[in-house]
>>> print(open('data07.pdb').read())   # PDB, C-alpha atoms
ATOM      1  CA  MET T   1      45.327 143.788 152.691
ATOM      2  CA  LYS T   2      43.215 145.251 149.881
ATOM      3  CA  ARG T   3      45.030 148.561 150.154
ATOM      4  CA  PHE T   4      48.346 146.740 149.898
ATOM      5  CA  LEU T   5      47.194 144.935 146.747
ATOM      6  CA  LEU T   6      46.410 148.289 145.158
ATOM      7  CA  PHE T   7      50.051 149.305 145.576
ATOM      8  CA  LEU T   8      51.409 146.038 144.192
ATOM      9  CA  PRO T   9      51.630 147.211 140.542
ATOM     10  CA  LEU T  10      53.499 150.334 141.671
ATOM     11  CA  LEU T  11      55.911 148.208 143.683
ATOM     12  CA  VAL T  12      56.536 145.904 140.717
ATOM     13  CA  ALA T  13      57.061 148.920 138.440
ATOM     14  CA  ILE T  14      59.605 150.422 140.850
ATOM     15  CA  ILE T  15      61.580 147.171 141.183
ATOM     16  CA  LEU T  16      61.576 146.679 137.398
ATOM     17  CA  GLY T  17      62.623 150.301 136.964
ATOM     18  CA  VAL T  18      65.615 149.906 139.271
ATOM     19  CA  VAL T  19      66.721 146.669 137.591
ATOM     20  CA  LEU T  20      66.370 148.039 134.074
ATOM     21  CA  PHE T  21      67.956 151.385 134.963
ATOM     22  CA  ALA T  22      71.047 149.563 136.211
ATOM     23  CA  GLY T  23      71.507 148.189 132.699
ATOM     24  CA  ILE T  24      71.318 151.546 130.905
ATOM     25  CA  GLY T  25      74.605 152.786 129.506
ATOM     26  CA  LYS T  26      76.322 149.409 129.780
ATOM     27  CA  ASP T  27      77.890 148.401 126.501
ATOM     28  CA  PRO T  28      76.853 144.781 125.966
ATOM     29  CA  THR T  29      79.578 144.235 123.377
ATOM     30  CA  LYS T  30      82.288 144.684 126.029
ATOM     31  CA  LEU T  31      82.713 141.543 128.068
ATOM     32  CA  ASP T  32      84.729 141.172 131.238
ATOM     33  CA  SER T  33      87.737 138.974 130.737
ATOM     34  CA  VAL T  34      87.733 135.687 132.641
ATOM     35  CA  LEU T  35      91.496 135.932 132.891
ATOM     36  CA  ILE T  36      91.531 138.881 135.268
ATOM     37  CA  GLY T  37      93.522 137.868 138.350
ATOM     38  CA  LYS T  38      95.019 134.900 136.497
ATOM     39  CA  GLN T  39      98.409 134.278 134.929
ATOM     40  CA  VAL T  40      98.907 134.896 131.225
ATOM     41  CA  PRO T  41      98.292 131.476 129.587
ATOM     42  CA  ALA T  42     101.377 129.447 128.711
ATOM     43  CA  PHE T  43     102.460 129.761 125.098
ATOM     44  CA  SER T  44     105.407 129.170 122.828
ATOM     45  CA  LEU T  45     105.397 131.310 119.707
ATOM     46  CA  ARG T  46     107.834 133.020 117.369
ATOM     47  CA  ASN T  47     109.000 136.589 117.550
ATOM     48  CA  LEU T  48     107.505 138.541 114.615
ATOM     49  CA  ILE T  49     110.627 140.582 113.922
ATOM     50  CA  LYS T  50     113.171 137.845 114.716
ATOM     51  CA  PRO T  51     111.547 134.613 113.501
ATOM     52  CA  GLU T  52     114.424 132.521 114.839
ATOM     53  CA  SER T  53     113.705 133.425 118.456
ATOM     54  CA  ASN T  54     111.008 131.807 120.557
ATOM     55  CA  LEU T  55     108.838 133.658 123.053
ATOM     56  CA  ASP T  56     106.909 132.374 126.050
ATOM     57  CA  GLU T  57     104.936 133.663 129.042
ATOM     58  CA  SER T  58     108.119 134.690 130.915
ATOM     59  CA  LEU T  59     108.032 137.727 128.601
ATOM     60  CA  PHE T  60     105.526 139.266 131.015
ATOM     61  CA  ARG T  61     107.639 139.002 134.162
ATOM     62  CA  GLY T  62     109.497 141.831 135.844
ATOM     63  CA  GLU T  63     107.459 144.923 135.033
ATOM     64  CA  VAL T  64     103.936 146.076 134.274
ATOM     65  CA  THR T  65     103.253 145.769 130.545
ATOM     66  CA  LEU T  66     100.500 146.411 128.055
ATOM     67  CA  LEU T  67      99.657 143.552 125.713
ATOM     68  CA  ASN T  68      98.093 144.910 122.546
ATOM     69  CA  VAL T  69      96.359 142.455 120.182
ATOM     70  CA  TRP T  70      96.448 143.671 116.580
ATOM     71  CA  GLY T  71      96.433 142.629 112.948
ATOM     72  CA  THR T  72      96.804 144.382 109.616
ATOM     73  CA  TRP T  73      93.292 143.209 108.684
ATOM     74  CA  CYS T  74      91.804 145.207 111.545
ATOM     75  CA  PRO T  75      90.765 148.793 110.717
ATOM     76  CA  THR T  76      90.399 149.869 114.352
ATOM     77  CA  CYS T  77      93.991 148.763 114.978
ATOM     78  CA  ARG T  78      95.076 151.317 112.407
ATOM     79  CA  ALA T  79      92.951 153.962 114.124
ATOM     80  CA  GLU T  80      94.660 153.384 117.469
ATOM     81  CA  HIS T  81      98.171 153.029 116.072
ATOM     82  CA  ASP T  82      99.056 156.715 116.458
ATOM     83  CA  ASP T  83      97.989 156.612 120.098
ATOM     84  CA  LEU T  84     100.170 153.549 120.688
ATOM     85  CA  MET T  85     103.062 155.391 119.025
ATOM     86  CA  ARG T  86     102.525 158.350 121.330
ATOM     87  CA  ILE T  87     102.391 156.121 124.444
ATOM     88  CA  ALA T  88     105.610 154.412 123.337
ATOM     89  CA  ARG T  89     107.312 157.759 122.596
ATOM     90  CA  ASP T  90     106.429 159.090 126.035
ATOM     91  CA  LYS T  91     107.889 155.888 127.527
ATOM     92  CA  LYS T  92     104.947 155.531 129.861
ATOM     93  CA  ILE T  93     104.855 151.745 129.658
ATOM     94  CA  ALA T  94     106.358 148.864 127.698
ATOM     95  CA  ILE T  95     103.912 147.654 125.025
ATOM     96  CA  ILE T  96     104.068 144.068 123.871
ATOM     97  CA  GLY T  97     102.311 143.311 120.599
ATOM     98  CA  LEU T  98     100.378 140.178 119.736
ATOM     99  CA  ASN T  99     100.142 139.979 115.968
ATOM    100  CA  TYR T 100      96.904 138.034 115.730
ATOM    101  CA  LYS T 101      95.825 135.926 112.735
ATOM    102  CA  ASP T 102      97.979 137.897 110.381
ATOM    103  CA  ASN T 103     100.850 137.137 108.069
ATOM    104  CA  ARG T 104     104.396 138.241 108.704
ATOM    105  CA  ASP T 105     104.978 140.118 105.422
ATOM    106  CA  ASP T 106     101.869 142.296 105.813
ATOM    107  CA  ALA T 107     102.730 142.974 109.434
ATOM    108  CA  LEU T 108     106.300 144.037 108.629
ATOM    109  CA  VAL T 109     105.090 146.401 105.880
ATOM    110  CA  TRP T 110     102.582 147.917 108.333
ATOM    111  CA  LEU T 111     105.274 148.520 110.974
ATOM    112  CA  ASP T 112     107.588 149.956 108.346
ATOM    113  CA  GLU T 113     104.971 152.442 107.169
ATOM    114  CA  LEU T 114     103.322 153.389 110.453
ATOM    115  CA  GLY T 115     106.126 152.909 112.965
ATOM    116  CA  ASP T 116     106.693 150.259 115.621
ATOM    117  CA  PRO T 117     105.433 151.091 119.134
ATOM    118  CA  TYR T 118     106.118 147.591 120.479
ATOM    119  CA  ARG T 119     109.028 146.388 122.585
ATOM    120  CA  THR T 120     108.456 142.837 121.415
ATOM    121  CA  ILE T 121     105.863 141.353 119.073
ATOM    122  CA  ILE T 122     104.530 137.819 119.445
ATOM    123  CA  TYR T 123     103.640 136.253 116.100
ATOM    124  CA  ASP T 124     100.396 134.274 116.399
ATOM    125  CA  PRO T 125      99.227 133.528 112.835
ATOM    126  CA  LYS T 126      96.776 130.805 113.915
ATOM    127  CA  GLY T 127      95.406 132.795 116.820
ATOM    128  CA  THR T 128      96.172 130.139 119.442
ATOM    129  CA  LEU T 129      97.369 132.523 122.160
ATOM    130  CA  GLY T 130      94.565 134.896 121.173
ATOM    131  CA  PHE T 131      92.070 132.079 121.734
ATOM    132  CA  ASP T 132      93.564 131.222 125.131
ATOM    133  CA  LEU T 133      93.342 134.903 126.066
ATOM    134  CA  GLY T 134      89.662 134.938 125.095
ATOM    135  CA  VAL T 135      90.261 137.499 122.343
ATOM    136  CA  TYR T 136      87.047 137.829 120.363
ATOM    137  CA  GLY T 137      87.851 140.849 118.255
ATOM    138  CA  ALA T 138      90.919 142.976 117.730
ATOM    139  CA  PRO T 139      92.034 145.384 118.970
ATOM    140  CA  GLU T 140      92.130 144.272 122.587
ATOM    141  CA  THR T 141      94.580 145.530 125.175
ATOM    142  CA  PHE T 142      95.523 143.805 128.424
ATOM    143  CA  VAL T 143      97.224 145.367 131.447
ATOM    144  CA  ILE T 144      99.576 142.736 132.885
ATOM    145  CA  ASP T 145     101.364 143.215 136.192
ATOM    146  CA  ALA T 146     105.006 142.483 137.032
ATOM    147  CA  SER T 147     104.275 138.904 138.075
ATOM    148  CA  GLY T 148     102.502 138.100 134.789
ATOM    149  CA  VAL T 149      98.944 138.356 136.120
ATOM    150  CA  VAL T 150      96.257 139.883 133.891
ATOM    151  CA  ARG T 151      94.825 142.935 135.664
ATOM    152  CA  TYR T 152      92.549 144.501 133.090
ATOM    153  CA  ARG T 153      91.286 144.091 129.548
ATOM    154  CA  HIS T 154      90.129 146.831 127.244
ATOM    155  CA  VAL T 155      88.157 145.796 124.147
ATOM    156  CA  GLY T 156      88.253 148.268 121.278
ATOM    157  CA  GLU T 157      90.225 151.296 120.287
ATOM    158  CA  ILE T 158      92.681 153.059 122.564
ATOM    159  CA  ASN T 159      92.342 156.810 122.295
ATOM    160  CA  ASN T 160      93.387 159.655 124.514
ATOM    161  CA  GLU T 161      90.305 159.393 126.691
ATOM    162  CA  VAL T 162      90.592 155.628 127.198
ATOM    163  CA  TRP T 163      94.277 156.069 127.999
ATOM    164  CA  GLU T 164      93.754 158.837 130.553
ATOM    165  CA  LYS T 165      90.605 157.548 132.217
ATOM    166  CA  VAL T 166      90.887 153.785 131.990
ATOM    167  CA  LEU T 167      94.312 152.407 131.159
ATOM    168  CA  LEU T 168      96.564 154.784 133.082
ATOM    169  CA  PRO T 169      94.690 154.303 136.395
ATOM    170  CA  GLU T 170      94.773 150.511 135.868
ATOM    171  CA  ILE T 171      98.500 150.642 135.119
ATOM    172  CA  ASN T 172      99.155 152.736 138.218
ATOM    173  CA  GLU T 173      97.191 150.304 140.314
ATOM    174  CA  ALA T 174      99.116 147.363 138.862
ATOM    175  CA  ARG T 175     102.343 149.197 139.704
ATOM    176  CA  GLY T 176     101.113 149.476 143.254
ATOM    177  CA  ASN T 177     100.820 153.246 143.396
ATOM    178  CA  GLY T 178      97.165 153.676 142.476
TER     179      GLY T 178
ATOM    180  CA  MET U   1      62.858 135.668  81.529
ATOM    181  CA  LEU U   2      65.095 138.207  83.217
ATOM    182  CA  ARG U   3      63.022 137.912  86.343
ATOM    183  CA  LEU U   4      63.382 134.140  86.292
ATOM    184  CA  MET U   5      67.150 134.466  85.961
ATOM    185  CA  CYS U   6      67.295 136.872  88.878
ATOM    186  CA  PHE U   7      65.262 134.432  90.910
ATOM    187  CA  VAL U   8      67.503 131.496  90.060
ATOM    188  CA  LEU U   9      70.640 133.535  90.816
ATOM    189  CA  THR U  10      69.252 134.611  94.170
ATOM    190  CA  ILE U  11      68.478 131.023  95.088
ATOM    191  CA  LEU U  12      71.972 129.935  94.058
ATOM    192  CA  ALA U  13      73.638 132.769  95.958
ATOM    193  CA  SER U  14      71.694 132.008  99.126
ATOM    194  CA  GLY U  15      72.857 128.417  98.808
ATOM    195  CA  LEU U  16      76.450 129.661  98.668
ATOM    196  CA  SER U  17      76.207 131.687 101.856
ATOM    197  CA  VAL U  18      74.573 128.798 103.717
ATOM    198  CA  ALA U  19      77.325 126.475 102.571
ATOM    199  CA  ASP U  20      79.865 128.936 103.945
ATOM    200  CA  VAL U  21      78.319 128.876 107.412
ATOM    201  CA  ALA U  22      77.662 125.159 107.604
ATOM    202  CA  ALA U  23      80.369 123.130 109.285
ATOM    203  CA  VAL U  24      82.391 120.866 107.064
ATOM    204  CA  TYR U  25      83.372 118.442 109.782
ATOM    205  CA  ASP U  26      82.989 114.716 109.324
ATOM    206  CA  PHE U  27      81.735 112.421 112.031
ATOM    207  CA  ASP U  28      81.854 108.648 112.233
ATOM    208  CA  THR U  29      78.437 108.274 113.744
ATOM    209  CA  ARG U  30      75.147 110.078 113.457
ATOM    210  CA  SER U  31      74.980 110.522 117.255
ATOM    211  CA  ALA U  32      78.393 112.243 117.311
ATOM    212  CA  GLU U  33      77.186 114.626 114.629
ATOM    213  CA  GLN U  34      74.043 115.343 116.627
ATOM    214  CA  ARG U  35      76.087 115.908 119.779
ATOM    215  CA  TYR U  36      78.244 118.390 117.889
ATOM    216  CA  GLN U  37      75.192 120.201 116.517
ATOM    217  CA  THR U  38      73.628 120.437 120.004
ATOM    218  CA  LEU U  39      76.866 121.775 121.485
ATOM    219  CA  ILE U  40      77.398 124.485 118.901
ATOM    220  CA  ALA U  41      73.736 125.469 119.171
ATOM    221  CA  GLU U  42      74.110 125.988 122.944
ATOM    222  CA  LEU U  43      77.285 128.045 122.731
ATOM    223  CA  ARG U  44      77.020 131.755 122.136
ATOM    224  CA  CYS U  45      79.313 133.740 119.895
ATOM    225  CA  PRO U  46      81.142 136.407 121.967
ATOM    226  CA  LYS U  47      81.591 138.692 118.975
ATOM    227  CA  CYS U  48      78.092 138.698 117.515
ATOM    228  CA  GLN U  49      76.271 138.433 120.853
ATOM    229  CA  ASN U  50      72.863 137.281 119.704
ATOM    230  CA  GLN U  51      73.892 134.300 117.646
ATOM    231  CA  ASN U  52      75.087 130.879 118.622
ATOM    232  CA  ILE U  53      78.356 129.658 117.162
ATOM    233  CA  ALA U  54      76.437 127.337 114.840
ATOM    234  CA  ASP U  55      74.808 130.286 113.062
ATOM    235  CA  SER U  56      77.592 132.814 113.282
ATOM    236  CA  ASN U  57      80.097 133.341 110.527
ATOM    237  CA  ALA U  58      82.443 135.441 112.697
ATOM    238  CA  PRO U  59      86.069 134.231 112.701
ATOM    239  CA  ILE U  60      85.915 133.618 116.442
ATOM    240  CA  ALA U  61      82.835 131.404 116.016
ATOM    241  CA  LYS U  62      84.713 129.384 113.387
ATOM    242  CA  ASP U  63      87.608 128.961 115.816
ATOM    243  CA  MET U  64      85.227 127.881 118.566
ATOM    244  CA  ARG U  65      83.540 125.339 116.281
ATOM    245  CA  SER U  66      86.915 123.924 115.366
ATOM    246  CA  VAL U  67      87.884 123.658 119.047
ATOM    247  CA  VAL U  68      84.594 121.883 119.829
ATOM    248  CA  TYR U  69      85.287 119.451 116.984
ATOM    249  CA  GLN U  70      88.902 118.844 117.985
ATOM    250  CA  MET U  71      87.992 118.277 121.630
ATOM    251  CA  MET U  72      85.261 115.843 120.601
ATOM    252  CA  LEU U  73      87.787 113.888 118.534
ATOM    253  CA  ASN U  74      90.063 113.770 121.588
ATOM    254  CA  GLY U  75      87.264 112.227 123.610
ATOM    255  CA  ALA U  76      86.335 115.230 125.779
ATOM    256  CA  SER U  77      82.929 115.241 127.447
ATOM    257  CA  ASN U  78      80.352 117.959 126.765
ATOM    258  CA  ASP U  79      81.118 119.499 130.147
ATOM    259  CA  ASP U  80      84.857 119.560 129.416
ATOM    260  CA  ILE U  81      84.236 121.314 126.115
ATOM    261  CA  VAL U  82      81.866 123.929 127.525
ATOM    262  CA  GLU U  83      84.086 124.524 130.575
ATOM    263  CA  SER U  84      87.116 125.031 128.373
ATOM    264  CA  LEU U  85      85.331 127.713 126.359
ATOM    265  CA  VAL U  86      83.808 129.345 129.449
ATOM    266  CA  GLY U  87      87.330 129.419 130.947
ATOM    267  CA  ARG U  88      88.457 131.587 128.053
ATOM    268  CA  PHE U  89      85.436 133.655 127.091
ATOM    269  CA  GLY U  90      83.380 133.686 130.285
ATOM    270  CA  GLU U  91      79.882 132.581 131.293
ATOM    271  CA  PHE U  92      78.634 134.772 128.455
ATOM    272  CA  VAL U  93      79.150 131.964 125.941
ATOM    273  CA  ARG U  94      76.628 129.692 127.637
ATOM    274  CA  TYR U  95      73.120 129.919 126.243
ATOM    275  CA  LYS U  96      72.178 127.525 129.053
ATOM    276  CA  PRO U  97      73.803 129.004 132.153
ATOM    277  CA  GLU U  98      74.470 126.787 135.177
ATOM    278  CA  LEU U  99      72.052 127.076 138.067
ATOM    279  CA  ASP U 100      73.868 128.960 140.824
ATOM    280  CA  SER U 101      73.206 131.881 143.145
ATOM    281  CA  ARG U 102      73.827 134.416 140.363
ATOM    282  CA  THR U 103      71.616 132.781 137.769
ATOM    283  CA  PHE U 104      68.946 131.623 140.207
ATOM    284  CA  MET U 105      66.526 134.431 139.333
ATOM    285  CA  LEU U 106      67.062 133.818 135.635
ATOM    286  CA  TRP U 107      65.837 130.244 135.981
ATOM    287  CA  ALA U 108      63.225 130.954 138.657
ATOM    288  CA  THR U 109      61.494 133.939 137.018
ATOM    289  CA  PRO U 110      59.360 131.933 134.545
ATOM    290  CA  ALA U 111      58.152 129.629 137.357
ATOM    291  CA  ILE U 112      57.473 132.593 139.638
ATOM    292  CA  ALA U 113      55.529 134.329 136.858
ATOM    293  CA  VAL U 114      53.424 131.228 136.089
ATOM    294  CA  PHE U 115      52.657 130.422 139.732
ATOM    295  CA  GLY U 116      52.043 134.092 140.541
ATOM    296  CA  GLY U 117      49.565 134.240 137.650
ATOM    297  CA  LEU U 118      47.807 131.044 138.775
ATOM    298  CA  PHE U 119      47.629 132.461 142.290
ATOM    299  CA  VAL U 120      45.987 135.669 141.086
ATOM    300  CA  VAL U 121      43.515 133.813 138.831
ATOM    301  CA  ALA U 122      42.636 131.384 141.640
ATOM    302  CA  GLY U 123      42.113 134.341 143.990
ATOM    303  CA  ILE U 124      39.752 136.045 141.548
ATOM    304  CA  VAL U 125      37.759 132.838 140.894
ATOM    305  CA  ILE U 126      37.406 131.996 144.581
ATOM    306  CA  ARG U 127      36.341 135.517 145.442
ATOM    307  CA  SER U 128      33.720 135.704 142.686
ATOM    308  CA  ARG U 129      32.284 132.311 143.747
ATOM    309  CA  ARG U 130      32.000 133.452 147.312
ATOM    310  CA  ALA U 131      30.324 136.660 146.190
ATOM    311  CA  GLY U 132      27.850 134.601 144.104
ATOM    312  CA  THR U 133      26.672 132.328 146.946
ATOM    313  CA  ALA U 134      26.422 134.786 149.801
ATOM    314  CA  ALA U 135      23.572 137.313 149.319
ATOM    315  CA  PRO U 136      24.718 140.860 149.852
ATOM    316  CA  PRO U 137      23.310 142.327 153.037
ATOM    317  CA  LEU U 138      20.534 144.897 152.561
ATOM    318  CA  SER U 139      20.030 147.959 154.663
ATOM    319  CA  THR U 140      16.702 148.187 156.542
ATOM    320  CA  GLU U 141      15.574 150.826 154.061
ATOM    321  CA  GLU U 142      16.299 148.564 151.079
ATOM    322  CA  GLN U 143      14.685 145.610 152.820
ATOM    323  CA  ALA U 144      11.546 147.697 153.338
ATOM    324  CA  ARG U 145      11.459 148.566 149.602
ATOM    325  CA  VAL U 146      11.874 144.896 148.638
ATOM    326  CA  ASP U 147       9.086 143.877 150.990
ATOM    327  CA  LYS U 148       6.839 146.539 149.545
ATOM    328  CA  MET U 149       7.533 145.514 145.945
ATOM    329  CA  LEU U 150       6.964 141.834 146.695
ATOM    330  CA  ALA U 151       3.731 142.678 148.489
ATOM    331  CA  GLU U 152       2.554 144.712 145.468
ATOM    332  CA  GLN U 153       3.357 141.913 143.055
ATOM    333  CA  HIS U 154       1.561 139.450 145.214
ATOM    334  CA  HIS U 155      -1.396 141.807 145.394
ATOM    335  CA  ASN U 156      -1.523 142.091 141.577
ATOM    336  CA  GLY U 157      -1.607 138.314 141.337
ATOM    337  CA  ASN U 158       1.548 137.993 139.199
ATOM    338  CA  VAL U 159       3.197 135.389 141.399
TER     339      VAL U 159
END
>>> encode(input="data07.pdb", output="structure tokens")
Amino acid sequence: MKRFLLFLPLLVAIILGVVLFAGIGKDPTKLDSVLIGKQVPAFSLRNLIKPESNLDESLFRGEVTLLNVWGTWCPTCRAEHDDLMRIARDKKIAIIGLNYKDNRDDALVWLDELGDPYRTIIYDPKGTLGFDLGVYGAPETFVIDASGVVRYRHVGEINNEVWEKVLLPEINEARGNG
Amino acid sequence: MLRLMCFVLTILASGLSVADVAAVYDFDTRSAEQRYQTLIAELRCPKCQNQNIADSNAPIAKDMRSVVYQMMLNGASNDDIVESLVGRFGEFVRYKPELDSRTFMLWATPAIAVFGGLFVVAGIVIRSRRAGTAAPPLSTEEQARVDKMLAEQHHNGNV
């Protein structure tokens, strides 16, 4: 018994070590989305480019899509724009934009200057769909499968590495050939 | 004089920033206001991580405060409000997580630490008491020395 007590501090140190080690390297600013495995929330918003047309959640049916949340006020969105353009040029996947808490004129100027990688852009000036999606900071990118179910969320910039190592495997899995 | 002006300006500016953070919502009753303040103090801002939505000035925290206010006006209960935000942003936004199998250790650790400490202290106290009452056994050699010393003292008439 006494011998065992002598080893108690070592045991506690080992358990603490394992628990704390598991947390190393995790980025606490990246939260798992609650929506994973759930349908895209219902919405009814205007199309950014064609203000007269209405968009709803049926937009995400039929094929695997990327939903990219952006705004002209967001510097990281500008940083990832070239990568989005490249993905769109290579026709790897349809990208749907969610113009989040922005105004139409600024957004149109941005697309005019930098190019438009999006198949369709949802205009969400008040951020209502963004709120329902649990968006807490742009840019965020969701992988949505052909039946409109959210499969993955990436918070932060998309670059080549994120595309190759994270998004592409998720997209392939959503397409059913992972 | 200049220093005084700087001081006054600083005070004024700090007042401005506080006013920016503080909610501008009106409540009919004092208890509703208090309920709102308690709710926003218990909800965590997903963007700024270590602040509640009452303290945070992040746009998302503003949106969350406005949702809390709107839901309160529509007669939602505290649970409804918290559940609705957890449903969008995850358990992360709770500063007071529910007690379930995942959060059990989180809630139990303080109690375990306190009772573990009491246990150790009690063990030490009991052991030292026992050691104090029971005389340690002497070897025959030591006993012989004690007897000799006592006999000498007695002989010298000190006792």
>>> resolve_selection(input="data07.pdb", expression="the PyMOL selection byres ((chain U) within 8 of (chain T))", output="VMD selection string")
chain U and resid 46 to 47 49 60 87 to 90 92
>>> resolve_selection(input="data07.pdb", expression="the PyMOL selection byres ((chain T and resi 84-96) around 8)", output="ChimeraX atom specification")
/T:64-68,80-83,97-98,115-122,158
>>> write_last_selection(input="data07.pdb", atoms="C-alpha atoms", output="compact mmCIF listing (two decimals), in the coordinates of the input")
# COMPACT_ATOMS: atom_id res chain seq x y z
CA VAL T 64 103.94 146.08 134.27
CA THR T 65 103.25 145.77 130.54
CA LEU T 66 100.50 146.41 128.06
CA LEU T 67 99.66 143.55 125.71
CA ASN T 68 98.09 144.91 122.55
CA GLU T 80 94.66 153.38 117.47
CA HIS T 81 98.17 153.03 116.07
CA ASP T 82 99.06 156.72 116.46
CA ASP T 83 97.99 156.61 120.10
CA GLY T 97 102.31 143.31 120.60
CA LEU T 98 100.38 140.18 119.74
CA GLY T 115 106.13 152.91 112.96
CA ASP T 116 106.69 150.26 115.62
CA PRO T 117 105.43 151.09 119.13
CA TYR T 118 106.12 147.59 120.48
CA ARG T 119 109.03 146.39 122.58
CA THR T 120 108.46 142.84 121.42
CA ILE T 121 105.86 141.35 119.07
CA ILE T 122 104.53 137.82 119.44
CA ILE T 158 92.68 153.06 122.56
>>> axis_aligned_box(input="data07.pdb", around="range 42-45 of chain U", padding_each_side="3 Å", output="JSON")
{"center_x": 76.7, "center_y": 129.9, "center_z": 121.4, "size_x": 11.2, "size_y": 13.8, "size_z": 9.0}
>>> resolve_selection(input="data07.pdb", expression="the PyMOL selection byres ((chain T and resi 58) around 10)", output="count of residues only")
12
>>> atom_distance(input="data07.pdb", atom1="CA of Glu33 in chain U", atom2="CA of Cys48 in chain U")
24.3 Å
>>> atom_distance(input="data07.pdb", atom1="CA of Val166 in chain T", atom2="CA of Ile36 in chain T")
15.3 Å
